[in-house]
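Listing of final-v2.txt; format and content: compact mmCIF, C-alpha atoms and all ligand atoms.
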# COMPACT_ATOMS: atom_id res chain seq x y z
CA MET A 1066 0.00 0.00 0.00
CA LYS A 1067 1.39 3.42 -1.05
CA LYS A 1068 0.74 5.91 1.75
CA THR A 1069 0.62 9.64 1.08
CA GLU A 1070 -0.97 12.76 2.51
CA VAL A 1071 -2.90 13.95 -0.56
CA LEU A 1072 -4.11 12.41 -3.82
CA ILE A 1073 -4.75 14.84 -6.67
CA VAL A 1074 -6.99 13.67 -9.53
CA GLY A 1075 -6.36 15.46 -12.85
CA GLN A 1076 -3.19 17.14 -14.08
CA GLY A 1077 -4.51 20.11 -16.00
CA LEU A 1078 -3.72 23.66 -14.91
CA ALA A 1079 -5.56 23.21 -11.57
CA GLY A 1080 -3.83 19.95 -10.61
CA THR A 1081 -0.42 21.25 -11.71
CA LEU A 1082 -0.68 24.47 -9.69
CA LEU A 1083 -1.97 22.67 -6.62
CA SER A 1084 0.77 20.04 -6.77
CA HIS A 1085 3.41 22.79 -7.01
CA GLU A 1086 2.01 24.55 -3.93
CA LEU A 1087 1.88 21.27 -1.98
CA ASN A 1088 5.50 20.54 -2.91
CA LYS A 1089 6.47 23.99 -1.61
CA LEU A 1090 4.75 23.16 1.70
CA GLN A 1091 6.48 19.75 1.67
CA ILE A 1092 3.17 17.93 1.70
CA ASN A 1093 3.54 14.42 0.26
CA HIS A 1094 1.16 13.78 -2.59
CA LEU A 1095 0.53 11.75 -5.72
CA VAL A 1096 -1.07 12.98 -8.95
CA ILE A 1097 -3.38 10.65 -10.86
CA SER A 1098 -4.28 11.67 -14.41
CA ASN A 1099 -5.56 9.95 -17.54
CA GLN A 1100 -4.19 10.34 -21.07
CA GLN A 1101 -6.96 12.59 -22.35
CA LEU A 1102 -6.45 16.20 -23.37
CA GLY A 1103 -8.12 18.67 -21.03
CA ALA A 1104 -8.96 22.33 -21.68
CA SER A 1105 -5.50 23.34 -20.44
CA HIS A 1106 -3.79 21.29 -23.17
CA ILE A 1107 -5.30 23.42 -25.93
CA ALA A 1108 -5.96 26.76 -24.20
CA ALA A 1109 -4.23 29.87 -25.53
CA GLY A 1110 -2.94 30.60 -22.03
CA MET A 1111 -3.54 34.36 -22.18
CA TYR A 1112 -4.09 36.73 -19.31
CA ASN A 1113 -5.84 40.06 -19.68
CA PRO A 1114 -6.12 42.45 -16.73
CA LEU A 1115 -9.26 44.16 -18.09
CA VAL A 1116 -12.86 43.32 -18.91
CA PHE A 1117 -13.36 45.08 -22.24
CA LYS A 1118 -17.15 44.98 -22.32
CA ARG A 1119 -17.57 47.26 -19.31
CA LEU A 1120 -13.99 48.52 -19.32
CA THR A 1121 -13.23 47.69 -15.73
CA LYS A 1122 -10.42 45.88 -14.00
CA SER A 1123 -10.71 42.12 -14.14
CA TRP A 1124 -11.95 40.62 -10.83
CA MET A 1125 -9.24 40.90 -8.11
CA VAL A 1126 -6.59 41.66 -10.73
CA ASP A 1127 -4.40 43.77 -8.42
CA GLU A 1128 -4.06 40.80 -6.03
CA LEU A 1129 -4.00 38.03 -8.64
CA LEU A 1130 -1.34 39.39 -11.02
CA PRO A 1131 1.64 39.53 -8.62
CA VAL A 1132 0.95 35.99 -7.37
CA MET A 1133 0.51 34.79 -10.95
CA GLN A 1134 3.83 36.31 -12.05
CA GLN A 1135 5.71 34.95 -9.05
CA THR A 1136 4.27 31.44 -9.45
CA TYR A 1137 5.01 31.09 -13.16
CA ARG A 1138 8.55 32.40 -12.57
CA GLU A 1139 8.95 29.64 -9.95
CA PHE A 1140 7.95 27.06 -12.57
CA GLU A 1141 10.52 28.56 -14.97
CA LYS A 1142 13.27 28.00 -12.42
CA LEU A 1143 12.05 24.52 -11.58
CA LEU A 1144 11.52 23.32 -15.15
CA HIS A 1145 14.13 25.41 -17.02
CA PHE A 1146 12.12 26.97 -19.83
CA ASP A 1147 10.48 30.34 -20.64
CA LEU A 1148 6.89 29.97 -19.50
CA LEU A 1149 5.65 33.50 -18.94
CA HIS A 1150 5.47 35.85 -21.93
CA PRO A 1151 4.33 39.35 -20.98
CA ILE A 1152 3.14 41.08 -24.18
CA PRO A 1153 0.69 43.93 -24.71
CA ILE A 1154 -2.81 43.46 -26.08
CA ALA A 1155 -3.90 45.78 -28.90
CA LYS A 1156 -7.67 46.05 -28.60
CA VAL A 1157 -9.44 47.31 -31.73
CA ILE A 1158 -12.02 49.94 -30.82
CA PRO A 1159 -14.38 52.19 -32.81
CA VAL A 1160 -12.66 55.58 -33.05
CA GLU A 1161 -15.71 57.31 -31.55
CA GLN A 1162 -15.25 55.26 -28.36
CA LYS A 1163 -11.95 56.97 -27.52
CA SER A 1164 -13.48 59.56 -25.19
CA TRP A 1165 -15.52 56.87 -23.38
CA TRP A 1166 -12.27 54.91 -22.90
CA LEU A 1167 -10.51 57.96 -21.46
CA GLU A 1168 -13.40 58.61 -19.11
CA ARG A 1169 -13.40 54.95 -17.91
CA ILE A 1170 -9.61 54.90 -17.49
CA ASN A 1171 -9.94 57.81 -15.07
CA SER A 1172 -13.06 56.71 -13.24
CA GLN A 1173 -11.91 53.07 -12.92
CA GLN A 1174 -8.25 53.88 -12.18
CA LEU A 1175 -6.92 51.78 -15.05
CA TYR A 1176 -3.53 53.52 -15.31
CA ASP A 1177 -1.58 50.31 -14.56
CA TYR A 1178 -3.27 48.53 -17.44
CA PHE A 1179 -3.99 51.06 -20.20
CA ASP A 1180 -0.96 52.36 -22.07
CA GLN A 1181 -2.02 54.49 -25.04
CA PHE A 1182 -4.02 54.55 -28.27
CA ILE A 1183 -2.19 53.44 -31.40
CA SER A 1184 -3.13 53.17 -35.06
CA SER A 1185 -2.98 50.11 -37.28
CA ALA A 1186 -0.19 51.79 -39.28
CA GLU A 1187 2.14 50.71 -36.45
CA ILE A 1188 1.44 47.02 -37.06
CA PRO A 1189 2.59 45.74 -40.48
CA GLY A 1190 -0.03 43.53 -42.11
CA LEU A 1191 -2.97 44.80 -40.06
CA ALA A 1192 -5.97 46.25 -41.95
CA GLU A 1193 -5.82 50.01 -42.49
CA ASN A 1194 -7.43 52.79 -40.45
CA LEU A 1195 -8.01 50.85 -37.25
CA THR A 1196 -7.80 52.47 -33.82
CA LEU A 1197 -6.38 50.31 -31.07
CA ALA A 1198 -5.99 50.64 -27.31
CA ARG A 1199 -2.68 49.27 -26.07
CA ILE A 1200 -3.06 47.29 -22.84
CA LYS A 1201 -0.12 46.57 -20.58
CA ASN A 1202 0.45 43.89 -17.91
CA SER A 1203 -1.08 41.30 -20.24
CA GLY A 1204 0.47 38.29 -21.96
CA TYR A 1205 0.34 34.51 -22.14
CA ILE A 1206 1.93 31.39 -20.73
CA ASN A 1207 2.98 28.31 -22.65
CA LEU A 1208 0.43 26.11 -20.94
CA LEU A 1209 0.95 22.89 -22.92
CA LYS A 1210 4.69 22.97 -22.27
CA LEU A 1211 4.04 23.59 -18.56
CA LEU A 1212 1.83 20.49 -18.34
CA GLN A 1213 4.29 18.32 -20.28
CA HIS A 1214 7.37 19.41 -18.35
CA TYR A 1215 5.67 19.29 -14.96
CA ARG A 1216 4.42 15.78 -15.67
CA LEU A 1217 8.01 14.67 -16.42
CA TYR A 1218 9.11 16.33 -13.19
CA LEU A 1219 6.46 14.41 -11.22
CA GLU A 1220 7.37 11.16 -12.97
CA LYS A 1221 11.01 11.56 -11.95
CA ARG A 1222 9.89 11.99 -8.33
CA ASN A 1223 7.54 8.97 -8.55
CA GLN A 1224 4.58 11.25 -7.90
CA PHE A 1225 2.66 10.61 -11.14
CA ILE A 1226 0.23 7.78 -11.89
CA VAL A 1227 -1.46 7.28 -15.25
CA ASP A 1228 -4.98 6.13 -14.51
CA ASP A 1229 -8.53 6.91 -15.56
CA PHE A 1230 -9.87 7.50 -12.05
CA ASN A 1231 -12.73 5.15 -11.22
CA TYR A 1232 -15.06 6.79 -8.69
CA ASN A 1233 -16.48 3.38 -7.68
CA ALA A 1234 -13.05 2.21 -6.52
CA LEU A 1235 -12.70 4.98 -3.91
CA GLU A 1236 -13.20 3.81 -0.33
CA LEU A 1237 -13.47 5.87 2.84
CA LYS A 1238 -12.39 4.33 6.15
CA ASN A 1239 -11.61 6.01 9.48
CA GLY A 1240 -11.38 9.45 7.88
CA ALA A 1241 -8.83 8.29 5.26
CA VAL A 1242 -9.27 7.59 1.54
CA PHE A 1243 -8.25 4.36 -0.19
CA TYR A 1244 -7.92 4.03 -3.94
CA LYS A 1245 -6.50 0.89 -5.54
CA ASN A 1246 -3.09 0.42 -3.83
CA MET A 1247 -3.03 3.97 -2.38
CA GLN A 1248 -3.99 5.45 0.96
CA ALA A 1249 -4.23 9.18 1.68
CA GLN A 1250 -5.62 11.59 4.23
CA LYS A 1251 -7.27 13.74 1.55
CA ILE A 1252 -8.23 13.50 -2.09
CA VAL A 1253 -8.58 16.63 -4.24
CA PHE A 1254 -10.49 16.44 -7.49
CA CYS A 1255 -9.13 18.71 -10.24
CA GLU A 1256 -10.78 17.10 -13.28
CA GLY A 1257 -11.93 20.30 -15.00
CA ALA A 1258 -15.11 19.91 -17.07
CA ALA A 1259 -14.94 16.10 -16.69
CA SER A 1260 -15.88 16.57 -13.03
CA GLN A 1261 -19.53 16.68 -14.09
CA ASN A 1262 -19.42 12.90 -13.55
CA ASN A 1263 -18.04 13.26 -10.02
CA PRO A 1264 -20.61 11.87 -7.54
CA TRP A 1265 -19.26 13.91 -4.59
CA LEU A 1266 -19.69 17.33 -6.18
CA PRO A 1267 -22.95 19.16 -5.52
CA GLU A 1268 -25.08 19.52 -8.63
CA GLY A 1269 -25.52 22.64 -10.74
CA ILE A 1270 -22.04 24.13 -10.39
CA PHE A 1271 -20.93 24.19 -13.99
CA TYR A 1272 -22.10 26.00 -17.08
CA PRO A 1273 -19.41 24.53 -19.37
CA ALA A 1274 -18.37 26.34 -22.54
CA LYS A 1275 -16.87 24.62 -25.54
CA GLY A 1276 -14.05 26.53 -27.22
CA ASP A 1277 -12.37 26.15 -30.62
CA VAL A 1278 -8.85 27.40 -31.14
CA LEU A 1279 -6.74 27.46 -34.32
CA ASP A 1280 -3.08 27.53 -35.27
CA VAL A 1281 -2.79 29.71 -38.37
CA PHE A 1282 -0.22 31.22 -40.73
CA ILE A 1283 -0.60 34.88 -41.80
CA GLU A 1284 2.20 35.80 -44.16
CA THR A 1285 2.26 39.59 -43.95
CA LEU A 1286 1.21 40.12 -40.33
CA ASP A 1287 4.10 41.15 -38.12
CA THR A 1288 3.00 42.02 -34.60
CA LYS A 1289 4.33 41.89 -31.08
CA TYR A 1290 0.81 42.51 -29.77
CA ILE A 1291 -2.06 40.17 -29.10
CA ILE A 1292 -4.68 41.62 -31.46
CA ASN A 1293 -8.17 41.56 -29.96
CA LYS A 1294 -11.56 42.25 -31.47
CA ASP A 1295 -14.17 39.65 -30.41
CA ILE A 1296 -11.50 37.15 -31.42
CA PHE A 1297 -7.80 37.22 -30.56
CA ILE A 1298 -4.70 36.73 -32.72
CA LEU A 1299 -1.76 35.70 -30.55
CA PRO A 1300 1.71 35.87 -32.19
CA LYS A 1301 3.89 32.77 -31.84
CA GLY A 1302 6.76 33.84 -34.13
CA LYS A 1303 7.60 33.40 -37.83
CA HIS A 1304 4.10 34.49 -38.91
CA HIS A 1305 2.46 31.71 -36.90
CA PHE A 1306 -0.46 32.71 -34.68
CA VAL A 1307 -3.01 31.21 -32.34
CA LEU A 1308 -6.48 32.37 -33.35
CA GLY A 1309 -9.40 31.96 -31.00
CA SER A 1310 -11.72 31.34 -29.61
CA THR A 1311 -15.35 30.35 -29.65
CA TYR A 1312 -17.46 30.31 -26.49
CA ILE A 1313 -20.35 27.89 -26.95
CA HIS A 1314 -22.66 26.75 -24.16
CA GLN A 1315 -24.94 24.55 -26.32
CA PHE A 1316 -22.85 21.64 -27.57
CA SER A 1317 -23.07 17.87 -27.79
CA ASP A 1318 -19.38 16.93 -27.95
CA ALA A 1319 -15.90 18.45 -27.75
CA ILE A 1320 -14.98 17.62 -31.36
CA PRO A 1321 -13.60 20.54 -33.42
CA ASP A 1322 -16.35 21.88 -35.69
CA PRO A 1323 -15.14 23.12 -39.13
CA GLU A 1324 -17.93 25.74 -39.16
CA ASN A 1325 -16.49 27.29 -36.01
CA ALA A 1326 -13.04 27.41 -37.59
CA GLN A 1327 -14.47 29.20 -40.63
CA MET A 1328 -16.28 31.68 -38.41
CA LEU A 1329 -13.08 32.51 -36.51
CA ILE A 1330 -11.10 32.87 -39.73
CA GLN A 1331 -13.72 35.16 -41.28
CA LYS A 1332 -13.66 37.47 -38.26
CA ALA A 1333 -9.87 37.56 -38.20
CA GLN A 1334 -9.67 38.05 -41.97
CA ASN A 1335 -11.39 41.44 -41.57
CA LEU A 1336 -8.44 42.55 -39.45
CA VAL A 1337 -5.50 41.49 -41.60
CA LYS A 1338 -4.29 42.09 -45.14
CA SER A 1339 -3.12 38.66 -46.30
CA PRO A 1340 -5.08 35.38 -46.44
CA ILE A 1341 -5.18 33.28 -43.28
CA ARG A 1342 -4.01 29.68 -43.70
CA LEU A 1343 -5.39 27.12 -41.23
CA LEU A 1344 -2.73 24.77 -39.82
CA LYS A 1345 -4.47 23.07 -36.90
CA HIS A 1346 -7.90 23.11 -35.25
CA GLN A 1347 -8.56 21.95 -31.67
CA ALA A 1348 -11.48 22.21 -29.29
CA GLY A 1349 -12.03 21.69 -25.59
CA VAL A 1350 -14.51 22.32 -22.81
CA ARG A 1351 -13.94 25.03 -20.22
CA PRO A 1352 -15.06 24.24 -16.66
CA THR A 1353 -16.96 27.52 -16.40
CA VAL A 1354 -19.14 28.31 -13.43
CA LYS A 1355 -22.29 30.46 -13.65
CA ASP A 1356 -20.82 33.15 -11.39
CA ARG A 1357 -17.46 32.87 -13.22
CA ARG A 1358 -15.53 32.26 -9.99
CA PRO A 1359 -13.27 29.33 -9.04
CA VAL A 1360 -14.66 26.55 -6.86
CA LEU A 1361 -12.62 25.21 -3.98
CA GLY A 1362 -13.07 23.57 -0.63
CA PHE A 1363 -14.25 20.37 0.98
CA ASN A 1364 -17.24 18.12 0.56
CA GLN A 1365 -19.82 19.14 3.15
CA GLN A 1366 -20.24 15.63 4.61
CA ILE A 1367 -16.82 14.08 3.92
CA SER A 1368 -13.94 16.37 4.81
CA ALA A 1369 -11.39 13.97 3.25
CA ILE A 1370 -12.78 14.88 -0.19
CA ALA A 1371 -11.87 18.26 -1.65
CA PHE A 1372 -12.16 20.11 -4.96
CA PHE A 1373 -10.16 22.68 -6.89
CA ASN A 1374 -11.94 23.60 -10.09
CA GLY A 1375 -13.84 26.33 -11.93
CA LEU A 1376 -10.82 27.82 -13.71
CA GLY A 1377 -12.81 28.13 -16.95
CA THR A 1378 -12.87 31.93 -16.72
CA LYS A 1379 -9.42 33.58 -16.73
CA GLY A 1380 -7.93 30.45 -15.12
CA VAL A 1381 -4.35 31.38 -16.03
CA MET A 1382 -4.64 34.46 -13.82
CA THR A 1383 -6.87 33.17 -11.01
CA GLY A 1384 -5.36 29.67 -10.68
CA PRO A 1385 -2.05 30.46 -8.92
CA TYR A 1386 -3.63 32.59 -6.17
CA PHE A 1387 -6.34 30.07 -5.34
CA ALA A 1388 -4.03 27.04 -5.61
CA LYS A 1389 -2.03 28.66 -2.81
CA LEU A 1390 -5.17 29.06 -0.73
CA MET A 1391 -6.28 25.48 -1.40
CA ALA A 1392 -2.85 24.11 -0.46
CA LYS A 1393 -2.96 26.10 2.77
CA ALA A 1394 -6.44 24.79 3.55
CA LEU A 1395 -5.18 21.22 3.00
CA SER A 1396 -2.16 21.76 5.21
CA THR A 1397 -3.92 23.39 8.15
CA GLY A 1398 -7.46 22.08 7.78
CA PHE A 1399 -8.92 25.34 9.05
CA THR A 1400 -7.86 28.06 6.59
CA PRO A 1401 -11.04 29.96 5.83
CA ILE A 1402 -12.05 29.98 2.16
CA ASP A 1403 -13.81 33.13 1.04
CA ALA A 1404 -17.54 32.49 0.45
CA GLU A 1405 -17.23 33.95 -3.07
CA VAL A 1406 -15.03 31.03 -4.21
CA SER A 1407 -15.93 28.35 -1.67
CA ILE A 1408 -17.77 25.24 -2.76
CA SER A 1409 -20.09 25.88 0.19
CA ARG A 1410 -22.01 28.36 -1.98
CA PHE A 1411 -23.41 25.36 -3.89
CA TYR A 1412 -24.69 23.49 -0.83
CA LYS A 1413 -28.30 24.46 -0.16
C1 LIG B 1501 -10.27 26.95 -26.50
C2 LIG B 1501 -9.93 27.38 -25.11
C3 LIG B 1501 -9.14 28.50 -24.93
C4 LIG B 1501 -8.83 28.94 -23.64
N1 LIG B 1501 -8.03 30.02 -23.50
C5 LIG B 1501 -7.74 30.47 -22.27
C6 LIG B 1501 -6.89 31.59 -22.10
O1 LIG B 1501 -6.36 32.15 -23.06
N2 LIG B 1501 -6.66 32.03 -20.83
C7 LIG B 1501 -7.21 31.43 -19.74
O2 LIG B 1501 -6.98 31.88 -18.62
N3 LIG B 1501 -8.01 30.35 -19.87
C8 LIG B 1501 -8.28 29.86 -21.11
N4 LIG B 1501 -9.06 28.76 -21.25
C9 LIG B 1501 -9.65 28.15 -20.05
C10 LIG B 1501 -8.63 27.45 -19.19
O3 LIG B 1501 -7.45 27.19 -19.84
C11 LIG B 1501 -9.14 26.12 -18.70
O4 LIG B 1501 -10.46 26.25 -18.35
C12 LIG B 1501 -8.31 25.65 -17.53
O5 LIG B 1501 -7.02 25.42 -18.02
C13 LIG B 1501 -8.94 24.42 -16.91
O6 LIG B 1501 -7.97 23.72 -16.16
P1 LIG B 1501 -8.37 22.46 -15.29
O7 LIG B 1501 -7.11 21.89 -14.78
O8 LIG B 1501 -9.41 22.82 -14.31
O9 LIG B 1501 -9.07 21.45 -16.30
P2 LIG B 1501 -8.42 20.59 -17.49
O10 LIG B 1501 -7.43 21.36 -18.21
O11 LIG B 1501 -9.57 20.03 -18.27
O12 LIG B 1501 -7.65 19.43 -16.76
C14 LIG B 1501 -8.26 18.33 -16.13
C15 LIG B 1501 -7.36 17.13 -16.29
O13 LIG B 1501 -7.90 16.06 -15.52
C16 LIG B 1501 -7.92 14.88 -16.28
N5 LIG B 1501 -9.04 14.05 -15.81
C17 LIG B 1501 -10.35 14.35 -15.85
N6 LIG B 1501 -11.09 13.35 -15.35
C18 LIG B 1501 -10.21 12.39 -14.96
C19 LIG B 1501 -10.35 11.09 -14.38
N7 LIG B 1501 -11.55 10.57 -14.08
N8 LIG B 1501 -9.23 10.37 -14.14
C20 LIG B 1501 -8.00 10.88 -14.41
N9 LIG B 1501 -7.81 12.10 -14.97
C21 LIG B 1501 -8.90 12.84 -15.24
C22 LIG B 1501 -8.13 15.37 -17.71
O14 LIG B 1501 -7.71 14.44 -18.66
C23 LIG B 1501 -7.29 16.65 -17.73
O15 LIG B 1501 -5.96 16.38 -18.08
C24 LIG B 1501 -9.35 28.26 -22.51
C25 LIG B 1501 -10.12 27.12 -22.70
C26 LIG B 1501 -10.40 26.67 -23.98
C27 LIG B 1501 -11.23 25.44 -24.16

Exercise: express the given structure as structure tokens:
Amino acid sequence: MKKTEVLIVGQGLAGTLLSHELNKLQINHLVISNQQLGASHIAAGMYNPLVFKRLTKSWMVDELLPVMQQTYREFEKLLHFDLLHPIPIAKVIPVEQKSWWLERINSQQLYDYFDQFISSAEIPGLAENLTLARIKNSGYINLLKLLQHYRLYLEKRNQFIVDDFNYNALELKNGAVFYKNMQAQKIVFCEGAASQNNPWLPEGIFYPAKGDVLDVFIETLDTKYIINKDIFILPKGKHHFVLGSTYIHQFSDAIPDPENAQMLIQKAQNLVKSPIRLLKHQAGVRPTVKDRRPVLGFNQQISAIAFFNGLGTKGVMTGPYFAKLMAKALSTGFTPIDAEVSISRFYK
């Protein structure tokens, strides 16, 4: 029997961040994950400090960003590759909205995040006569590489188990959890959207959103900005870009839909001068929650069962901060979890 303090189920962004925080606290744990691709494997990995629709700061951004930066820099040191790529967003806006933007920047105190207005003439290959707002303290992380490298790291430390977790095989005895040949004090489920099958989660948490994302080639576009206008165009070097993404709540499967790819390409084509060539099309399901907040904490009846999920909205930015909180709650057992993100909000 393999004894450990914590079992983590699922090695997407949530499981990876939580495992890292537990390692920092020197809490023994094992990570169980299957071979399927989760949302984190295909996500663009961007972080944006603003909500463009209302032009406000993103929820808790002043607290989340420093923790996010520090955490991803820790992974860079641990795994020896460039993970965090801070680059500005260039948000296309109607020229007549400029004064509204200036008014919001003042009233919402957005000075740390808004830089200046620029014109499309500054970005070779972008359509002419566009007005753009340059956003700072934005960027992206190389999420797929993080998952791959962190998995290798766990494997070297004998902390990783490939397994499609079978809920029926979990046993609870004397406050401990038993799964196959493993025994732990706690189990934390981090299965992303797949957690809809989890019998210990309260019902009605998720409002999942399917997303399509494309790798494309745009010959004449040469930008160091993430271009944003309903869709985003994220530069990956040598005229390769990630183009995304759809946000679909009514769906029957997570298979890439060619119609969605065409829709994304059409929207992006209006923004650039040369034809867009599709290289790759992927789709996944975001574990989005109706109130768009993470979900963490313990099962109301069984305190050995815990959850860290709900990173479907801005997970790259929110994940590191709340993984820290979850790890602390696991280590002390009494760290209070704010009602806004606690799973207790779903127990009636
Ligand atoms: C197209 C798209 C673009 C996105 N872009 C961004 C973005 O730019 N910025 C941003 O912040 N967020 C973005 N997101 C959202 C965000 O990346 C994800 O929601 C977040 O990464 C979810 O992480 P997770 O670990 O909770 O879930 P997942 O990434 O789904 O990971 C769960 C893992 O658990 C495994 N698993 C599940 N069930 C079991 C089981 N029974 N047994 C064993 N293993 C299991 C899965 O295989 C998976 O590897 C995007 C999402 C999509 C779909």

Can you work out which residues are within 6 Å of ligand LIG 1501 (chain B), considering only C-alpha atoms and all ligand atoms, and then hand them over as an NGL selection string?
:A and (1074-1080 or 1097-1105 or 1108-1112 or 1228-1230 or 1255-1259 or 1275-1278 or 1310 or 1348-1352 or 1374 or 1376-1382)

Convert the current residue selection to file output with C-alpha atoms, as a PDB file, in the coordinates of the input.
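What landed in part_17.pdb:
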ATOM      1  CA  VAL A1074      -6.990  13.670  -9.530  1.00  0.00           C
ATOM      2  CA  GLY A1075      -6.360  15.460 -12.850  1.00  0.00           C
ATOM      3  CA  GLN A1076      -3.190  17.140 -14.080  1.00  0.00           C
ATOM      4  CA  GLY A1077      -4.510  20.110 -16.000  1.00  0.00           C
ATOM      5  CA  LEU A1078      -3.720  23.660 -14.910  1.00  0.00           C
ATOM      6  CA  ALA A1079      -5.560  23.210 -11.570  1.00  0.00           C
ATOM      7  CA  GLY A1080      -3.830  19.950 -10.610  1.00  0.00           C
ATOM      8  CA  ILE A1097      -3.380  10.650 -10.860  1.00  0.00           C
ATOM      9  CA  SER A1098      -4.280  11.670 -14.410  1.00  0.00           C
ATOM     10  CA  ASN A1099      -5.560   9.950 -17.540  1.00  0.00           C
ATOM     11  CA  GLN A1100      -4.190  10.340 -21.070  1.00  0.00           C
ATOM     12  CA  GLN A1101      -6.960  12.590 -22.350  1.00  0.00           C
ATOM     13  CA  LEU A1102      -6.450  16.200 -23.370  1.00  0.00           C
ATOM     14  CA  GLY A1103      -8.120  18.670 -21.030  1.00  0.00           C
ATOM     15  CA  ALA A1104      -8.960  22.330 -21.680  1.00  0.00           C
ATOM     16  CA  SER A1105      -5.500  23.340 -20.440  1.00  0.00           C
ATOM     17  CA  ALA A1108      -5.960  26.760 -24.200  1.00  0.00           C
ATOM     18  CA  ALA A1109      -4.230  29.870 -25.530  1.00  0.00           C
ATOM     19  CA  GLY A1110      -2.940  30.600 -22.030  1.00  0.00           C
ATOM     20  CA  MET A1111      -3.540  34.360 -22.180  1.00  0.00           C
ATOM     21  CA  TYR A1112      -4.090  36.730 -19.310  1.00  0.00           C
ATOM     22  CA  ASP A1228      -4.980   6.130 -14.510  1.00  0.00           C
ATOM     23  CA  ASP A1229      -8.530   6.910 -15.560  1.00  0.00           C
ATOM     24  CA  PHE A1230      -9.870   7.500 -12.050  1.00  0.00           C
ATOM     25  CA  CYS A1255      -9.130  18.710 -10.240  1.00  0.00           C
ATOM     26  CA  GLU A1256     -10.780  17.100 -13.280  1.00  0.00           C
ATOM     27  CA  GLY A1257     -11.930  20.300 -15.000  1.00  0.00           C
ATOM     28  CA  ALA A1258     -15.110  19.910 -17.070  1.00  0.00           C
ATOM     29  CA  ALA A1259     -14.940  16.100 -16.690  1.00  0.00           C
ATOM     30  CA  LYS A1275     -16.870  24.620 -25.540  1.00  0.00           C
ATOM     31  CA  GLY A1276     -14.050  26.530 -27.220  1.00  0.00           C
ATOM     32  CA  ASP A1277     -12.370  26.150 -30.620  1.00  0.00           C
ATOM     33  CA  VAL A1278      -8.850  27.400 -31.140  1.00  0.00           C
ATOM     34  CA  SER A1310     -11.720  31.340 -29.610  1.00  0.00           C
ATOM     35  CA  ALA A1348     -11.480  22.210 -29.290  1.00  0.00           C
ATOM     36  CA  GLY A1349     -12.030  21.690 -25.590  1.00  0.00           C
ATOM     37  CA  VAL A1350     -14.510  22.320 -22.810  1.00  0.00           C
ATOM     38  CA  ARG A1351     -13.940  25.030 -20.220  1.00  0.00           C
ATOM     39  CA  PRO A1352     -15.060  24.240 -16.660  1.00  0.00           C
ATOM     40  CA  ASN A1374     -11.940  23.600 -10.090  1.00  0.00           C
ATOM     41  CA  LEU A1376     -10.820  27.820 -13.710  1.00  0.00           C
ATOM     42  CA  GLY A1377     -12.810  28.130 -16.950  1.00  0.00           C
ATOM     43  CA  THR A1378     -12.870  31.930 -16.720  1.00  0.00           C
ATOM     44  CA  LYS A1379      -9.420  33.580 -16.730  1.00  0.00           C
ATOM     45  CA  GLY A1380      -7.930  30.450 -15.120  1.00  0.00           C
ATOM     46  CA  VAL A1381      -4.350  31.380 -16.030  1.00  0.00           C
ATOM     47  CA  MET A1382      -4.640  34.460 -13.820  1.00  0.00           C
TER      48      MET A1382
END

Nearest-residue call for Phe1182 in chain A, choices A:Tyr1412, A:Trp1166, A:Phe1243, A:Phe1254, using all atoms listed in the file:
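Nearest to Phe1182 in chain A: A:Trp1166.
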
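Here CA of Arg1358 in chain A is placed at a distance of 28.0 Å from CA of Glu1168 in chain A.
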
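Counting only C-alpha atoms and comparing A:Ile1170, A:Leu1090, A:Val1253, A:Ala1192, the residue that lies closest to Lys1393 in chain A is A:Leu1090.
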
Separation of CA of Ile1283 in chain A from CA of Pro1323 in chain A in Å
18.9 Å

So, counting all atoms listed in the file, which residue among A:Asp1295, A:Asp1287, A:Asp1280, A:Glu1139 is closest to Ile1107 in chain A?
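Of the candidates, the smallest distance to Ile1107 in chain A is held by A:Asp1280.
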
Just the number, please: distance in Å from CA of Asp1177 in chain A to CA of Gln1134 in chain A, one decimal.
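Result for CA of Asp1177 in chain A versus CA of Gln1134 in chain A: 15.2 Å, one decimal.
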
Between A:Leu1144, A:Ile1341, A:Leu1395, A:Ala1198, which residue has the minimum interatomic distance to Gln1213 in chain A, considering all atoms listed in the file?
A:Leu1144

Measuring between all atoms listed in the file, which one of A:Ile1073, A:Ile1320, A:Leu1149, A:Ala1241 shows the shortest distance to Ser1368 in chain A?
A:Ala1241
